[in-house]
>>> print(open('entry_11.cif').read())   # mmCIF, C-alpha atoms
data_input
#
loop_
_atom_site.group_PDB
_atom_site.id
_atom_site.type_symbol
_atom_site.label_atom_id
_atom_site.label_comp_id
_atom_site.auth_asym_id
_atom_site.auth_seq_id
_atom_site.Cartn_x
_atom_site.Cartn_y
_atom_site.Cartn_z
ATOM 1 C CA MET C 1 -51.857 46.530 -1.171
ATOM 2 C CA LYS C 2 -48.985 44.234 -2.065
ATOM 3 C CA GLN C 3 -47.436 41.177 -0.464
ATOM 4 C CA VAL C 4 -44.423 38.982 -1.196
ATOM 5 C CA VAL C 5 -44.887 35.285 -1.951
ATOM 6 C CA GLU C 6 -41.805 33.154 -2.705
ATOM 7 C CA GLY C 7 -39.747 36.264 -3.423
ATOM 8 C CA LYS C 8 -42.265 37.811 -5.821
ATOM 9 C CA MET C 9 -44.492 40.826 -5.221
ATOM 10 C CA PHE C 10 -48.219 40.283 -5.777
ATOM 11 C CA SER C 11 -51.353 42.337 -5.224
ATOM 12 C CA ILE C 12 -53.529 41.188 -2.360
ATOM 13 C CA LYS C 13 -56.950 40.475 -3.824
ATOM 14 C CA ASP C 14 -59.420 43.219 -2.977
ATOM 15 C CA ALA C 15 -63.175 42.773 -2.697
ATOM 16 C CA PRO C 16 -64.281 42.424 -6.314
ATOM 17 C CA VAL C 17 -65.484 45.270 -8.489
ATOM 18 C CA ASN C 18 -67.060 44.257 -11.773
ATOM 19 C CA THR C 19 -68.839 47.155 -13.403
ATOM 20 C CA LEU C 20 -67.502 50.530 -14.458
ATOM 21 C CA GLU C 21 -69.721 52.142 -11.821
ATOM 22 C CA GLU C 22 -68.204 49.915 -9.121
ATOM 23 C CA ARG C 23 -64.693 50.781 -10.317
ATOM 24 C CA ILE C 24 -65.477 54.500 -10.172
ATOM 25 C CA GLN C 25 -66.998 54.038 -6.700
ATOM 26 C CA ARG C 26 -63.799 52.288 -5.549
ATOM 27 C CA LEU C 27 -61.725 55.271 -6.704
ATOM 28 C CA GLU C 28 -64.079 57.644 -4.890
ATOM 29 C CA ASP C 29 -63.853 55.450 -1.791
ATOM 30 C CA ILE C 30 -60.039 55.533 -1.889
ATOM 31 C CA ARG C 31 -60.150 59.340 -2.034
ATOM 32 C CA ALA C 32 -62.683 59.488 0.823
ATOM 33 C CA ILE C 33 -60.592 57.146 2.985
ATOM 34 C CA LYS C 34 -57.477 59.277 2.443
ATOM 35 C CA GLU C 35 -59.556 62.373 3.189
ATOM 36 C CA CYS C 36 -60.566 60.817 6.546
ATOM 37 C CA MET C 37 -56.874 60.273 7.341
ATOM 38 C CA TYR C 38 -55.993 63.841 6.360
ATOM 39 C CA HIS C 39 -58.892 65.243 8.388
ATOM 40 C CA TYR C 40 -57.644 63.344 11.446
ATOM 41 C CA MET C 41 -54.134 64.805 10.935
ATOM 42 C CA ARG C 42 -55.457 68.354 10.494
ATOM 43 C CA CYS C 43 -57.494 68.031 13.691
ATOM 44 C CA CYS C 44 -54.401 66.714 15.520
ATOM 45 C CA ASP C 45 -52.474 69.761 14.340
ATOM 46 C CA ASN C 46 -55.260 72.087 15.475
ATOM 47 C CA LEU C 47 -55.365 70.417 18.915
ATOM 48 C CA ASP C 48 -58.999 69.531 18.204
ATOM 49 C CA PRO C 49 -59.981 66.334 20.056
ATOM 50 C CA VAL C 50 -63.634 66.637 18.971
ATOM 51 C CA GLY C 51 -62.561 66.722 15.321
ATOM 52 C CA MET C 52 -60.205 63.778 15.859
ATOM 53 C CA ALA C 53 -62.923 61.711 17.549
ATOM 54 C CA SER C 54 -65.324 62.533 14.702
ATOM 55 C CA CYS C 55 -63.163 60.282 12.508
ATOM 56 C CA PHE C 56 -64.211 57.208 14.550
ATOM 57 C CA THR C 57 -67.362 55.098 14.436
ATOM 58 C CA GLN C 58 -69.422 54.839 17.627
ATOM 59 C CA THR C 59 -67.755 51.439 18.260
ATOM 60 C CA GLY C 60 -64.274 52.549 17.143
ATOM 61 C CA LYS C 61 -61.091 51.482 18.886
ATOM 62 C CA LEU C 62 -57.897 53.507 19.405
ATOM 63 C CA SER C 63 -54.536 52.027 20.406
ATOM 64 C CA TRP C 64 -51.210 53.742 20.839
ATOM 65 C CA GLY C 65 -49.492 50.474 19.921
ATOM 66 C CA ASP C 66 -48.800 46.979 21.103
ATOM 67 C CA VAL C 67 -46.569 48.280 23.907
ATOM 68 C CA TYR C 68 -49.782 49.327 25.666
ATOM 69 C CA PRO C 69 -51.996 46.372 26.609
ATOM 70 C CA ASN C 70 -55.252 48.323 26.564
ATOM 71 C CA TYR C 71 -57.051 50.389 23.970
ATOM 72 C CA PHE C 72 -59.813 52.963 24.065
ATOM 73 C CA ASP C 73 -63.083 51.339 23.085
ATOM 74 C CA GLY C 74 -65.948 53.452 21.738
ATOM 75 C CA LYS C 75 -66.123 56.994 20.457
ATOM 76 C CA ASN C 76 -66.957 58.482 23.884
ATOM 77 C CA ALA C 77 -63.919 56.843 25.528
ATOM 78 C CA ILE C 78 -61.722 57.957 22.629
ATOM 79 C CA LEU C 79 -62.961 61.543 22.897
ATOM 80 C CA ALA C 80 -62.399 61.648 26.669
ATOM 81 C CA HIS C 81 -58.851 60.326 26.215
ATOM 82 C CA LEU C 82 -58.031 62.752 23.395
ATOM 83 C CA LYS C 83 -59.304 65.703 25.442
ATOM 84 C CA GLU C 84 -57.063 64.600 28.295
ATOM 85 C CA ILE C 85 -53.853 64.258 26.274
ATOM 86 C CA MET C 86 -54.369 67.321 24.048
ATOM 87 C CA GLY C 87 -54.184 69.583 27.101
ATOM 88 C CA ALA C 88 -50.409 69.207 27.394
ATOM 89 C CA ALA C 89 -49.568 70.103 23.786
ATOM 90 C CA LYS C 90 -48.676 73.622 22.688
ATOM 91 C CA THR C 91 -48.557 72.825 18.973
ATOM 92 C CA GLN C 92 -47.925 69.864 16.693
ATOM 93 C CA THR C 93 -47.664 68.866 13.056
ATOM 94 C CA HIS C 94 -48.490 65.488 11.492
ATOM 95 C CA TYR C 95 -47.747 64.057 8.052
ATOM 96 C CA CYS C 96 -49.293 60.947 6.539
ATOM 97 C CA THR C 97 -47.726 59.283 3.480
ATOM 98 C CA ASN C 98 -47.367 56.025 1.530
ATOM 99 C CA GLU C 99 -50.980 54.974 2.010
ATOM 100 C CA GLN C 100 -51.825 51.398 1.087
ATOM 101 C CA ILE C 101 -55.467 50.347 1.111
ATOM 102 C CA HIS C 102 -56.912 46.839 0.962
ATOM 103 C CA PHE C 103 -60.671 46.512 0.540
ATOM 104 C CA GLU C 104 -61.937 43.529 2.528
ATOM 105 C CA THR C 105 -65.473 44.312 1.342
ATOM 106 C CA SER C 106 -67.026 47.263 -0.464
ATOM 107 C CA ASN C 107 -67.695 48.789 2.988
ATOM 108 C CA SER C 108 -64.526 47.872 4.916
ATOM 109 C CA ALA C 109 -60.841 48.430 4.209
ATOM 110 C CA ILE C 110 -57.482 48.009 5.917
ATOM 111 C CA VAL C 111 -55.244 51.080 5.673
ATOM 112 C CA TYR C 112 -51.510 51.190 6.260
ATOM 113 C CA CYS C 113 -49.532 54.418 6.061
ATOM 114 C CA CYS C 114 -46.408 56.073 7.362
ATOM 115 C CA MET C 115 -46.526 59.042 9.700
ATOM 116 C CA TYR C 116 -44.179 61.709 10.934
ATOM 117 C CA SER C 117 -45.072 64.114 13.710
ATOM 118 C CA TRP C 118 -43.537 66.887 15.757
ATOM 119 C CA GLN C 119 -44.951 67.976 19.102
ATOM 120 C CA THR C 120 -44.006 70.766 21.464
ATOM 121 C CA PHE C 121 -45.530 71.166 24.894
ATOM 122 C CA LYS C 122 -46.826 73.934 27.149
ATOM 123 C CA ASN C 123 -44.430 72.870 29.885
ATOM 124 C CA PRO C 124 -41.030 74.337 28.857
ATOM 125 C CA ASP C 125 -39.265 71.554 30.774
ATOM 126 C CA VAL C 126 -40.694 68.895 28.431
ATOM 127 C CA ALA C 127 -38.588 68.351 25.311
ATOM 128 C CA ASP C 128 -40.106 68.342 21.840
ATOM 129 C CA ILE C 129 -40.860 64.910 20.406
ATOM 130 C CA TYR C 130 -40.259 63.921 16.792
ATOM 131 C CA SER C 131 -41.980 60.658 15.924
ATOM 132 C CA PHE C 132 -41.744 58.334 12.943
ATOM 133 C CA GLY C 133 -44.169 55.482 12.679
ATOM 134 C CA ARG C 134 -47.014 53.688 10.989
ATOM 135 C CA TYR C 135 -50.760 53.847 11.289
ATOM 136 C CA GLU C 136 -52.575 50.549 10.928
ATOM 137 C CA SER C 137 -56.291 51.071 10.696
ATOM 138 C CA GLN C 138 -59.545 49.582 9.584
ATOM 139 C CA VAL C 139 -62.036 51.978 8.060
ATOM 140 C CA VAL C 140 -65.685 51.268 7.414
ATOM 141 C CA ARG C 141 -68.443 53.028 5.569
ATOM 142 C CA ASP C 142 -70.522 54.324 8.471
ATOM 143 C CA MET C 143 -74.320 54.568 8.613
ATOM 144 C CA ASP C 144 -74.278 58.040 6.998
ATOM 145 C CA GLY C 145 -72.030 56.897 4.127
ATOM 146 C CA GLU C 146 -68.840 58.506 5.506
ATOM 147 C CA TRP C 147 -65.673 56.437 5.916
ATOM 148 C CA ARG C 148 -64.528 56.342 9.556
ATOM 149 C CA PHE C 149 -62.054 54.441 11.716
ATOM 150 C CA GLU C 150 -63.305 51.264 13.299
ATOM 151 C CA SER C 151 -59.755 50.497 14.454
ATOM 152 C CA PHE C 152 -56.748 52.846 14.627
ATOM 153 C CA LYS C 153 -53.314 51.831 15.916
ATOM 154 C CA LEU C 154 -50.002 53.707 16.052
ATOM 155 C CA ILE C 155 -46.884 51.584 15.578
ATOM 156 C CA MET C 156 -43.722 53.537 16.385
ATOM 157 C CA ALA C 157 -40.605 53.156 14.242
ATOM 158 C CA GLY C 158 -38.614 55.678 16.232
ATOM 159 C CA THR C 159 -38.666 58.893 18.207
ATOM 160 C CA ILE C 160 -36.349 61.735 19.015
ATOM 161 C CA GLY C 161 -37.199 62.906 22.499
ATOM 162 C CA GLY C 162 -39.326 59.826 23.197
ATOM 163 C CA MET C 163 -38.743 56.246 24.253
ATOM 164 C CA ARG C 164 -40.295 54.038 21.544
ATOM 165 C CA ALA C 165 -38.616 52.464 18.516
ATOM 166 C CA SER C 166 -38.581 49.501 16.120
ATOM 167 C CA GLU C 167 -42.179 48.399 16.738
ATOM 168 C CA GLN C 168 -42.804 47.897 13.018
ATOM 169 C CA PHE C 169 -40.720 44.720 12.789
ATOM 170 C CA GLY C 170 -42.492 41.364 12.847
ATOM 171 C CA ARG C 171 -45.958 42.867 12.324
ATOM 172 C CA PRO C 172 -48.657 40.804 10.587
ATOM 173 C CA TRP C 173 -49.277 41.613 6.929
ATOM 174 C CA PRO C 174 -51.751 42.827 5.999
ATOM 175 C CA PRO C 175 -52.315 44.652 9.294
ATOM 176 C CA VAL C 176 -54.866 43.145 11.671
ATOM 177 C CA PRO C 177 -57.503 45.438 13.241
ATOM 178 C CA ILE C 178 -57.724 45.812 17.019
ATOM 179 C CA GLY C 179 -59.759 43.030 18.587
ATOM 180 C CA ARG C 180 -59.398 40.516 15.752
#
>>> encode(input="entry_11.cif", output="structure tokens")
Amino acid sequence: MKQVVEGKMFSIKDAPVNTLEERIQRLEDIRAIKECMYHYMRCCDNLDPVGMASCFTQTGKLSWGDVYPNYFDGKNAILAHLKEIMGAAKTQTHYCTNEQIHFETSNSAIVYCCMYSWQTFKNPDVADIYSFGRYESQVVRDMDGEWRFESFKLIMAGTIGGMRASEQFGRPWPPVPIGR
């Protein structure tokens, strides 16, 4: 992950890796973190709330952005919410790109990426929504060794058919997890 200091781009210092084995593990962790993101997207596209919730730790937090004051706290609350909102969708497609990952420790990382999604609904009177935004998340290596979301927030850059836009401006950098 990069930042700008006095007009110059610099790498944000990650948690240190010293040995070749640690460097290889970091590369494997980056792949596993991206795979968690992609799994979440695939489950969204399959209208699979159980699969989506499986990407969260037991204490995970889900926020649909700063425009909503509350967030869903805990995997059970997240699953209940996802089941509720998935019922309206007919089909959807999500894309995740431009991932940037900052390792706070060897078991915790901040992830920033861009997203694009299209949703169409069962109710023919509801217009399709095309969304462009950012995901700001914190992932942790869970008890079983899998990387999962501890914090997941959608920041909307714009929508066609929706009401949200320009939420990405003035955000903290690097992103701050929910509850910090």
>>> closest_residue(input="entry_11.cif", among="C:Asp73, C:Glu84, C:Asp142, C:Asp125", to="Ile178 of chain C", atoms="all atoms listed in the file")
C:Asp73
>>> resolve_selection(input="entry_11.cif", expression="the PyMOL selection byres ((chain C and resi 159-171) around 8)", output="list of chain:residue names")
C:Ala127, C:Asp128, C:Ile129, C:Tyr130, C:Ser131, C:Phe132, C:Gly133, C:Arg134, C:Ile155, C:Met156, C:Ala157, C:Gly158, C:Pro172, C:Trp173, C:Pro175
>>> closest_residue(input="entry_11.cif", among="C:Asn98, C:Arg148, C:Leu154, C:Ala109", to="Met52 of chain C", atoms="all atoms listed in the file")
C:Arg148
>>> atom_distance(input="entry_11.cif", atom1="atom CA of Val17 of chain C", atom2="atom CA of Cys36 of chain C")
22.2 Å
>>> residues_around(input="entry_11.cif", residues="Phe152 of chain C", least_positions_apart="6", cutoff="8 Å", atoms="only C-alpha atoms", output="PyMOL selection string")
chain C and resi 60-63+135-138+177-178
>>> residues_around(input="entry_11.cif", residues="Gln100 of chain C", least_positions_apart="3", cutoff="8 Å", atoms="only C-alpha atoms", output="PyMOL selection string")
chain C and resi 1+111-113
>>> resolve_selection(input="entry_11.cif", expression="the PyMOL selection byres ((chain C and resi 41-43) around 12)", output="JSON, numbers by chain")
{"C": [34, 35, 36, 37, 38, 39, 40, 44, 45, 46, 47, 48, 49, 50, 51, 52, 53, 54, 55, 82, 86, 91, 92, 93, 94, 95, 96, 97, 115, 116, 117, 118, 135]}
>>> closest_residue(input="entry_11.cif", among="C:Arg180, C:Glu99, C:Phe149, C:Glu28", to="Lys2 of chain C", atoms="all atoms listed in the file")
C:Glu99
>>> closest_residue(input="entry_11.cif", among="C:Thr120, C:Lys153, C:Val176, C:Val5", to="Asn70 of chain C", atoms="all atoms listed in the file")
C:Lys153
>>> atom_distance(input="entry_11.cif", atom1="atom CA of Ile110 of chain C", atom2="atom CA of Pro174 of chain C")
7.7 Å
>>> atom_distance(input="entry_11.cif", atom1="atom CA of Ile85 of chain C", atom2="atom CA of Gly179 of chain C")
23.3 Å
>>> residues_around(input="entry_11.cif", residues="Ser106 of chain C", least_positions_apart="2", cutoff="8 Å", atoms="all atoms listed in the file", output="JSON, numbers by chain")
{"C": [15, 26, 103, 104, 108, 109]}
>>> resolve_selection(input="entry_11.cif", expression="the PyMOL selection byres ((chain C and resi 88) around 8)", output="PyMOL selection string")
chain C and resi 85-87+89-90+121-123
>>> build_atoms(input="entry_11.cif", residues="segment 16-28 of chain C", atoms="N, CA, C and O atoms", output="compact mmCIF listing (two decimals), in the coordinates of the input")
# COMPACT_ATOMS: atom_id res chain seq x y z
N PRO C 16 -64.14 42.24 -4.86
CA PRO C 16 -64.28 42.42 -6.31
C PRO C 16 -65.10 43.65 -6.70
O PRO C 16 -66.03 44.05 -5.99
N VAL C 17 -64.70 44.24 -7.81
CA VAL C 17 -65.48 45.27 -8.49
C VAL C 17 -65.62 44.80 -9.93
O VAL C 17 -64.65 44.39 -10.55
N ASN C 18 -66.82 44.82 -10.46
CA ASN C 18 -67.06 44.26 -11.77
C ASN C 18 -67.48 45.28 -12.82
O ASN C 18 -67.03 45.24 -13.95
N THR C 19 -68.32 46.21 -12.42
CA THR C 19 -68.84 47.16 -13.40
C THR C 19 -68.02 48.44 -13.38
O THR C 19 -67.27 48.71 -12.43
N LEU C 20 -68.17 49.24 -14.40
CA LEU C 20 -67.50 50.53 -14.46
C LEU C 20 -67.94 51.40 -13.29
O LEU C 20 -67.12 52.08 -12.67
N GLU C 21 -69.22 51.36 -12.95
CA GLU C 21 -69.72 52.14 -11.82
C GLU C 21 -69.05 51.71 -10.51
O GLU C 21 -68.71 52.54 -9.68
N GLU C 22 -68.87 50.42 -10.33
CA GLU C 22 -68.20 49.92 -9.12
C GLU C 22 -66.74 50.33 -9.10
O GLU C 22 -66.20 50.65 -8.03
N ARG C 23 -66.09 50.35 -10.25
CA ARG C 23 -64.69 50.78 -10.32
C ARG C 23 -64.57 52.26 -9.98
O ARG C 23 -63.65 52.66 -9.25
N ILE C 24 -65.49 53.07 -10.49
CA ILE C 24 -65.48 54.50 -10.17
C ILE C 24 -65.75 54.70 -8.68
O ILE C 24 -65.09 55.51 -8.02
N GLN C 25 -66.70 53.94 -8.14
CA GLN C 25 -67.00 54.04 -6.70
C GLN C 25 -65.77 53.68 -5.87
O GLN C 25 -65.48 54.33 -4.86
N ARG C 26 -65.02 52.68 -6.27
CA ARG C 26 -63.80 52.29 -5.55
C ARG C 26 -62.80 53.44 -5.53
O ARG C 26 -62.21 53.74 -4.50
N LEU C 27 -62.63 54.11 -6.66
CA LEU C 27 -61.72 55.27 -6.70
C LEU C 27 -62.22 56.39 -5.79
O LEU C 27 -61.42 57.02 -5.08
N GLU C 28 -63.52 56.63 -5.79
CA GLU C 28 -64.08 57.64 -4.89
C GLU C 28 -63.92 57.24 -3.44
O GLU C 28 -63.64 58.08 -2.57
